[in-house]
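Q: Can you keep this structure in mind? I'll have questions shortly.
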Amino acid sequence: MESLDDSKAEDIVSINIQGKSAMADYMVIASGRSHRHVGAVADHLLRALKEAGLGTAKVEGLSAADWVLIDAGDVIVHVFRPEVRDFYALEKIWQEPEDAPGTLH
């Protein structure tokens, strides 16, 4: 989260997916302002993970930088351009209904 914040990623959301999926415990979703910004945010995060001794994460989509997926084991990070993020709407898929913005209780 600190790396994403340092890279000026926007609209950073962390979703607890423990018990919902065997692939990870948390999913983090963030936006970059452009292809270049998405790539820079992802690259900065990959370097931070490696420097923290968390090994080499698996990465998909870095060359196009529309949507970069970083699999760091227990945490999966998605960095999107805003239009791509809106189209796929991962927050709506993974958030609990009571966690979603604008939900009535």
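Chain labels follow the order of the structure tokens: the first chain is A, the next B, and so on; residue numbering restarts at 1 in every chain, and ligands are counted from 1 in their shown order.
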What's around Met1 (chain A) at 12 Å? Count only C-alpha atoms, leave out sequence neighbours fewer than 5 positions away in its own chain, and write the answer as a list in words.

A: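 Once the nearby chain positions are removed, what remains is Asp6, Ser7, Lys8, Ala9, Glu10, Asp11, Ile12, Val13, Ser14, Tyr26, Met27, Val28, Ile29, Ala30, Val41, Ala42, His44, Leu45, Ala48, Leu49, Val75, Ile76, Val77, His78 and Val79 of chain A.
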
Q: Residues within 12 Å of region 53-56 of chain A, please, as a list of chain:residue names. Count only C-alpha atoms; anything in the same chain fewer than 3 positions from it doesn't count.

A: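 Contacts, with the query itself left out: A:Asp43, A:Leu45, A:Leu46, A:Arg47, A:Ala48, A:Leu49, A:Lys50, A:Val59, A:Ile70, A:Asp71, A:Ala72, A:Gly73, A:Asp74, A:Val75.
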
Q: Go ahead and save the picked residues with all heavy atoms, as a short mmCIF file (atom, residue, chain, number, x, y, z; two decimals), in the first residue's frame.

A:
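The resulting again18.cif:
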data_model
loop_
_atom_site.label_atom_id
_atom_site.label_comp_id
_atom_site.auth_asym_id
_atom_site.auth_seq_id
_atom_site.Cartn_x
_atom_site.Cartn_y
_atom_site.Cartn_z
N ASP A 43 6.02 -1.10 -11.79
CA ASP A 43 7.46 -1.31 -11.69
C ASP A 43 7.98 -0.94 -10.30
O ASP A 43 8.77 -1.67 -9.70
CB ASP A 43 8.17 -0.48 -12.77
CG ASP A 43 9.66 -0.78 -12.81
OD1 ASP A 43 10.02 -1.95 -13.01
OD2 ASP A 43 10.45 0.18 -12.65
N LEU A 45 6.28 -0.96 -7.50
CA LEU A 45 5.80 -1.97 -6.57
C LEU A 45 6.64 -3.25 -6.67
O LEU A 45 7.00 -3.84 -5.64
CB LEU A 45 4.32 -2.28 -6.82
CG LEU A 45 3.72 -3.37 -5.95
CD1 LEU A 45 3.83 -3.04 -4.46
CD2 LEU A 45 2.27 -3.60 -6.33
N LEU A 46 6.95 -3.67 -7.88
CA LEU A 46 7.77 -4.88 -8.05
C LEU A 46 9.14 -4.73 -7.40
O LEU A 46 9.62 -5.65 -6.73
CB LEU A 46 7.92 -5.20 -9.54
CG LEU A 46 6.65 -5.70 -10.22
CD1 LEU A 46 6.82 -5.67 -11.73
CD2 LEU A 46 6.30 -7.10 -9.73
N ARG A 47 9.75 -3.56 -7.56
CA ARG A 47 11.05 -3.32 -6.93
C ARG A 47 10.93 -3.29 -5.41
O ARG A 47 11.77 -3.84 -4.70
CB ARG A 47 11.65 -2.01 -7.45
CG ARG A 47 12.30 -2.19 -8.82
CD ARG A 47 13.06 -0.98 -9.30
NE ARG A 47 12.10 -0.05 -9.88
CZ ARG A 47 11.93 1.21 -9.49
NH1 ARG A 47 12.67 1.72 -8.54
NH2 ARG A 47 11.05 1.99 -10.08
N ALA A 48 9.86 -2.68 -4.90
CA ALA A 48 9.64 -2.62 -3.45
C ALA A 48 9.45 -4.01 -2.86
O ALA A 48 9.97 -4.31 -1.78
CB ALA A 48 8.45 -1.72 -3.13
N LEU A 49 8.70 -4.86 -3.54
CA LEU A 49 8.48 -6.22 -3.07
C LEU A 49 9.80 -6.99 -3.01
O LEU A 49 10.10 -7.68 -2.03
CB LEU A 49 7.49 -6.96 -3.98
CG LEU A 49 6.04 -6.50 -3.89
CD1 LEU A 49 5.22 -7.11 -5.03
CD2 LEU A 49 5.43 -6.86 -2.55
N LYS A 50 10.61 -6.85 -4.06
CA LYS A 50 11.89 -7.55 -4.11
C LYS A 50 12.83 -7.04 -3.02
O LYS A 50 13.49 -7.82 -2.33
CB LYS A 50 12.52 -7.39 -5.49
CG LYS A 50 13.70 -8.28 -5.72
CD LYS A 50 14.11 -8.28 -7.17
CE LYS A 50 15.18 -9.32 -7.38
NZ LYS A 50 15.51 -9.47 -8.78
N VAL A 59 4.02 -11.33 -12.88
CA VAL A 59 3.44 -10.12 -13.46
C VAL A 59 2.84 -10.43 -14.82
O VAL A 59 3.42 -11.17 -15.61
CB VAL A 59 4.52 -9.04 -13.66
CG1 VAL A 59 3.92 -7.76 -14.20
CG2 VAL A 59 5.27 -8.78 -12.38
N ILE A 70 -0.24 -8.13 -10.56
CA ILE A 70 0.95 -8.55 -9.83
C ILE A 70 0.52 -9.55 -8.77
O ILE A 70 -0.26 -9.22 -7.87
CB ILE A 70 1.65 -7.34 -9.18
CG1 ILE A 70 2.08 -6.35 -10.26
CG2 ILE A 70 2.83 -7.80 -8.33
CD1 ILE A 70 2.55 -5.02 -9.73
N ASP A 71 1.00 -10.78 -8.91
CA ASP A 71 0.69 -11.85 -7.97
C ASP A 71 1.85 -11.98 -7.01
O ASP A 71 2.91 -12.51 -7.35
CB ASP A 71 0.46 -13.16 -8.73
CG ASP A 71 0.08 -14.32 -7.83
OD1 ASP A 71 0.19 -14.20 -6.58
OD2 ASP A 71 -0.32 -15.37 -8.36
N ALA A 72 1.65 -11.47 -5.79
CA ALA A 72 2.69 -11.50 -4.77
C ALA A 72 2.41 -12.58 -3.73
O ALA A 72 2.80 -12.46 -2.57
CB ALA A 72 2.82 -10.13 -4.12
N GLY A 73 1.69 -13.62 -4.12
CA GLY A 73 1.39 -14.70 -3.19
C GLY A 73 0.08 -14.48 -2.48
O GLY A 73 -0.98 -14.68 -3.06
N ASP A 74 0.13 -14.03 -1.23
CA ASP A 74 -1.08 -13.80 -0.45
C ASP A 74 -1.81 -12.53 -0.85
O ASP A 74 -2.93 -12.29 -0.41
CB ASP A 74 -0.76 -13.73 1.04
CG ASP A 74 -0.32 -15.08 1.59
OD1 ASP A 74 -0.66 -16.12 1.00
OD2 ASP A 74 0.38 -15.10 2.63
N VAL A 75 -1.16 -11.71 -1.66
CA VAL A 75 -1.76 -10.45 -2.11
C VAL A 75 -1.67 -10.37 -3.63
O VAL A 75 -0.60 -10.58 -4.21
CB VAL A 75 -1.05 -9.23 -1.50
CG1 VAL A 75 -1.66 -7.93 -2.00
CG2 VAL A 75 -1.10 -9.29 0.02
#

Q: Pick out each residue of chain A that DSSP on the backbone tags as helix (DSSP H, G or I); I need them as a PyMOL selection string.

A: chain A and resi 2-6+35-51+82-88+90-94

Q: Since we have the selection now, will you write its residues out, keeping N, CA, C and O atoms, as a CSV table (one decimal), in the first residue's frame?

A:
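Output (selection-v1.csv):
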chain,number,residue,atom,x,y,z
A,2,GLU,N,2.0,1.2,0.8
A,2,GLU,CA,2.9,2.4,0.8
A,2,GLU,C,3.5,2.6,-0.5
A,2,GLU,O,3.6,3.8,-0.9
A,3,SER,N,3.9,1.6,-1.2
A,3,SER,CA,4.5,1.7,-2.5
A,3,SER,C,3.5,2.4,-3.5
A,3,SER,O,3.9,3.3,-4.3
A,4,LEU,N,2.3,1.9,-3.5
A,4,LEU,CA,1.3,2.5,-4.4
A,4,LEU,C,1.0,3.9,-4.1
A,4,LEU,O,0.9,4.8,-5.0
A,5,ASP,N,1.0,4.2,-2.8
A,5,ASP,CA,0.8,5.6,-2.4
A,5,ASP,C,2.0,6.5,-2.8
A,5,ASP,O,1.8,7.6,-3.3
A,6,ASP,N,3.2,6.0,-2.6
A,6,ASP,CA,4.4,6.7,-3.0
A,6,ASP,C,4.4,7.0,-4.5
A,6,ASP,O,5.0,8.0,-4.9
A,35,HIS,N,-1.0,5.1,-19.5
A,35,HIS,CA,-0.2,3.9,-19.7
A,35,HIS,C,1.1,4.0,-18.9
A,35,HIS,O,1.5,3.1,-18.2
A,36,ARG,N,1.8,5.1,-19.1
A,36,ARG,CA,3.1,5.3,-18.5
A,36,ARG,C,3.0,5.3,-17.0
A,36,ARG,O,3.8,4.7,-16.3
A,37,HIS,N,2.0,5.9,-16.4
A,37,HIS,CA,1.8,5.9,-15.0
A,37,HIS,C,1.5,4.5,-14.4
A,37,HIS,O,2.1,4.1,-13.4
A,38,VAL,N,0.6,3.8,-15.1
A,38,VAL,CA,0.3,2.4,-14.7
A,38,VAL,C,1.6,1.6,-14.7
A,38,VAL,O,1.9,0.8,-13.7
A,39,GLY,N,2.4,1.7,-15.7
A,39,GLY,CA,3.7,0.9,-15.8
A,39,GLY,C,4.6,1.3,-14.7
A,39,GLY,O,5.3,0.5,-14.1
A,40,ALA,N,4.7,2.6,-14.4
A,40,ALA,CA,5.7,3.1,-13.4
A,40,ALA,C,5.2,2.6,-12.0
A,40,ALA,O,6.0,2.2,-11.2
A,41,VAL,N,3.9,2.7,-11.7
A,41,VAL,CA,3.4,2.2,-10.4
A,41,VAL,C,3.7,0.8,-10.3
A,41,VAL,O,4.2,0.3,-9.2
A,42,ALA,N,3.4,0.0,-11.3
A,42,ALA,CA,3.7,-1.5,-11.2
A,42,ALA,C,5.2,-1.8,-11.0
A,42,ALA,O,5.6,-2.6,-10.2
A,43,ASP,N,6.0,-1.1,-11.8
A,43,ASP,CA,7.5,-1.3,-11.7
A,43,ASP,C,8.0,-0.9,-10.3
A,43,ASP,O,8.8,-1.7,-9.7
A,44,HIS,N,7.5,0.2,-9.8
A,44,HIS,CA,7.9,0.6,-8.4
A,44,HIS,C,7.5,-0.4,-7.4
A,44,HIS,O,8.3,-0.8,-6.5
A,45,LEU,N,6.3,-1.0,-7.5
A,45,LEU,CA,5.8,-2.0,-6.6
A,45,LEU,C,6.6,-3.2,-6.7
A,45,LEU,O,7.0,-3.8,-5.6
A,46,LEU,N,7.0,-3.7,-7.9
A,46,LEU,CA,7.8,-4.9,-8.0
A,46,LEU,C,9.1,-4.7,-7.4
A,46,LEU,O,9.6,-5.6,-6.7
A,47,ARG,N,9.8,-3.6,-7.6
A,47,ARG,CA,11.0,-3.3,-6.9
A,47,ARG,C,10.9,-3.3,-5.4
A,47,ARG,O,11.8,-3.8,-4.7
A,48,ALA,N,9.9,-2.7,-4.9
A,48,ALA,CA,9.6,-2.6,-3.4
A,48,ALA,C,9.4,-4.0,-2.9
A,48,ALA,O,10.0,-4.3,-1.8
A,49,LEU,N,8.7,-4.9,-3.5
A,49,LEU,CA,8.5,-6.2,-3.1
A,49,LEU,C,9.8,-7.0,-3.0
A,49,LEU,O,10.1,-7.7,-2.0
A,50,LYS,N,10.6,-6.9,-4.1
A,50,LYS,CA,11.9,-7.6,-4.1
A,50,LYS,C,12.8,-7.0,-3.0
A,50,LYS,O,13.5,-7.8,-2.3
A,51,GLU,N,12.9,-5.7,-2.8
A,51,GLU,CA,13.8,-5.1,-1.8
A,51,GLU,C,13.3,-5.5,-0.4
A,51,GLU,O,14.2,-5.6,0.5
A,82,PRO,N,-8.0,4.1,-15.6
A,82,PRO,CA,-9.3,4.3,-15.1
A,82,PRO,C,-10.4,3.7,-16.0
A,82,PRO,O,-11.4,3.1,-15.5
A,83,GLU,N,-10.3,3.9,-17.3
A,83,GLU,CA,-11.3,3.3,-18.2
A,83,GLU,C,-11.4,1.8,-18.1
A,83,GLU,O,-12.5,1.2,-18.2
A,84,VAL,N,-10.3,1.2,-18.0
A,84,VAL,CA,-10.2,-0.3,-18.0
A,84,VAL,C,-10.8,-0.8,-16.6
A,84,VAL,O,-11.5,-1.7,-16.5
A,85,ARG,N,-10.4,-0.1,-15.6
A,85,ARG,CA,-10.9,-0.4,-14.2
A,85,ARG,C,-12.5,-0.3,-14.2
A,85,ARG,O,-13.1,-1.2,-13.6
A,86,ASP,N,-13.0,0.8,-14.7
A,86,ASP,CA,-14.4,0.9,-14.8
A,86,ASP,C,-15.1,-0.2,-15.6
A,86,ASP,O,-16.2,-0.7,-15.2
A,87,PHE,N,-14.5,-0.6,-16.7
A,87,PHE,CA,-15.1,-1.7,-17.5
A,87,PHE,C,-15.2,-3.0,-16.8
A,87,PHE,O,-16.2,-3.7,-16.8
A,88,TYR,N,-14.1,-3.4,-16.1
A,88,TYR,CA,-14.0,-4.7,-15.4
A,88,TYR,C,-14.7,-4.7,-14.1
A,88,TYR,O,-15.1,-5.7,-13.6
A,90,LEU,N,-13.9,-4.8,-10.9
A,90,LEU,CA,-13.5,-5.9,-9.9
A,90,LEU,C,-14.0,-5.6,-8.5
A,90,LEU,O,-14.4,-6.6,-7.8
A,91,GLU,N,-14.1,-4.4,-8.1
A,91,GLU,CA,-14.6,-4.1,-6.8
A,91,GLU,C,-16.0,-4.6,-6.6
A,91,GLU,O,-16.3,-5.2,-5.5
A,92,LYS,N,-16.8,-4.5,-7.6
A,92,LYS,CA,-18.2,-4.9,-7.5
A,92,LYS,C,-18.3,-6.4,-7.4
A,92,LYS,O,-19.2,-6.9,-6.7
A,93,ILE,N,-17.4,-7.1,-8.0
A,93,ILE,CA,-17.4,-8.6,-8.0
A,93,ILE,C,-16.9,-9.1,-6.6
A,93,ILE,O,-17.5,-10.0,-6.1
A,94,TRP,N,-15.9,-8.5,-6.0
A,94,TRP,CA,-15.3,-9.0,-4.8
A,94,TRP,C,-15.7,-8.4,-3.5
A,94,TRP,O,-15.5,-9.1,-2.5

Q: Could you jot down the CA of Gly32 (chain A) to CA of Ile15 (chain A) separation for me, Å, one decimal place?

A: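 Straight-line distance from CA of Gly32 (chain A) to CA of Ile15 (chain A) works out to 18.3 Å.
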